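> One structure is given below, represented as structure tokens, and several questions about it will come after.
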Amino acid sequence: MAKATAKKSAKKPAAKKVVKKAAPKKAAVKKVVKKAAPKKAAVKKVVKKAAPKKAVKKAAPKKAKTKRKPNAQFMKPMNIGAALQPIVGAKPLPRTEVTKKLWAYIKKNNLQNPAKKTEIVADANLKAVFGGKKAVDMFQMTKLVNAHLS
């Protein structure tokens, strides 16, 4: 019986060792589980980032571009007033052509202010068009020219 008690006493400490070893393994398993949770969150973030890219691709293809057609009102020939005739001619012209000829006249006679390029310095012919003003801003010029078109 001495052998049997010796074996029992030997088994008990061995069982305690197994229990002690199992406890640290559980702690290690918990750490792994905690590390695994952020990986799942990272996967969700990637899915959220991918979703807007798909929406952008769907919005990008629009209808095919067609050749732009000019507005009929701009192409309609207008009668030129008496004050504007020495600059662009007496023949009826569309607004676009009147503007082109007016700019050609301004550049030919060097009537643009060199210090301020948006300002047009009027000569004798342009003073009649601009209502007697010596200098006019290029943005006001079209408004003043429209008064001489009918």
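By order in the structure tokens, chains are A, B, ...; within a chain, residues start at 1; ligands start at 1, following the order shown.
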Please return, as a ChimeraX atom specification, all residues of range 101-148 of chain A that DSSP assigns to strand (DSSP E) on the basis of the backbone.
/A:119-121,135-137
> Keeping only N, CA and C atoms, take the residues you just selected and write them out as a PDB file, in the first residue's frame.

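Dumped to part.pdb:
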ATOM      1  N   GLU A 119     -10.451  98.621 -69.657  1.00  0.00           N
ATOM      2  CA  GLU A 119     -11.002  99.944 -69.969  1.00  0.00           C
ATOM      3  C   GLU A 119     -10.767 100.283 -71.440  1.00  0.00           C
ATOM      4  N   ILE A 120     -11.804 100.790 -72.097  1.00  0.00           N
ATOM      5  CA  ILE A 120     -11.741 101.209 -73.496  1.00  0.00           C
ATOM      6  C   ILE A 120     -11.760 102.737 -73.525  1.00  0.00           C
ATOM      7  N   VAL A 121     -10.723 103.323 -74.146  1.00  0.00           N
ATOM      8  CA  VAL A 121     -10.652 104.778 -74.278  1.00  0.00           C
ATOM      9  C   VAL A 121     -11.322 105.132 -75.602  1.00  0.00           C
ATOM     10  N   ALA A 135     -14.128 107.204 -71.412  1.00  0.00           N
ATOM     11  CA  ALA A 135     -13.621 105.840 -71.177  1.00  0.00           C
ATOM     12  C   ALA A 135     -14.748 104.987 -70.602  1.00  0.00           C
ATOM     13  N   VAL A 136     -14.786 103.722 -71.052  1.00  0.00           N
ATOM     14  CA  VAL A 136     -15.851 102.808 -70.632  1.00  0.00           C
ATOM     15  C   VAL A 136     -15.218 101.447 -70.322  1.00  0.00           C
ATOM     16  N   ASP A 137     -15.725 100.797 -69.281  1.00  0.00           N
ATOM     17  CA  ASP A 137     -15.288  99.438 -68.956  1.00  0.00           C
ATOM     18  C   ASP A 137     -15.826  98.481 -70.018  1.00  0.00           C
TER      19      ASP A 137
END
> Neighbours of range 76-86 of chain A within 6 Å (only C-alpha atoms; same-chain residues fewer than 6 positions away dropped), as a ChimeraX atom specification?
/A:92-94,128-129,148-150
> Just the selected residues (C-alpha atoms), exported as a PDB file, in the first residue's frame, please.

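Writing done, so here's selection_3.pdb:
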ATOM      1  CA  PRO A  92     -27.557  94.215 -90.649  1.00  0.00           C
ATOM      2  CA  LEU A  93     -25.372  91.868 -88.550  1.00  0.00           C
ATOM      3  CA  PRO A  94     -25.895  89.431 -85.650  1.00  0.00           C
ATOM      4  CA  ALA A 128     -21.090 108.738 -80.004  1.00  0.00           C
ATOM      5  CA  VAL A 129     -21.709 105.053 -79.258  1.00  0.00           C
ATOM      6  CA  HIS A 148     -27.731 101.062 -81.035  1.00  0.00           C
ATOM      7  CA  LEU A 149     -29.050  97.698 -82.256  1.00  0.00           C
ATOM      8  CA  SER A 150     -32.684  97.102 -83.219  1.00  0.00           C
TER       9      SER A 150
END
> Find, counting only C-alpha atoms, the residue in A:Phe74, A:Asn146, A:Glu97, A:Met138 that gets nearest to Lys117 in chain A.
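Among the listed residues, the smallest separation from Lys117 in chain A belongs to A:Met138.
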> Give the answer as one residue: which of A:Lys127, A:Lys134, A:Ala115, A:Met141 has the shortest atom-to-atom distance to Trp103 in chain A, using only C-alpha atoms?
A:Met141
> Which polymer residues have any atom within 12 Å of an atom of Ile106 in chain A, counting only C-alpha atoms, with same-chain residues fewer than 2 positions away left out, as a list in words?
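The filter keeps Ile87, Val88, Thr99, Lys100, Lys101, Leu102, Trp103, Ala104, Lys108, Asn109, Asn110, Leu111, Gln112, Asn113, Lys117, Thr118, Glu119, Ile120, Val121, Ala122, Asp123, Asn125, Leu126, Met138 and Met141 of chain A.
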> Quick one, how far is CA of Lys91 in chain A from CA of Lys133 in chain A?
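For CA of Lys91 in chain A relative to CA of Lys133 in chain A, the distance reads 25.7 Å.
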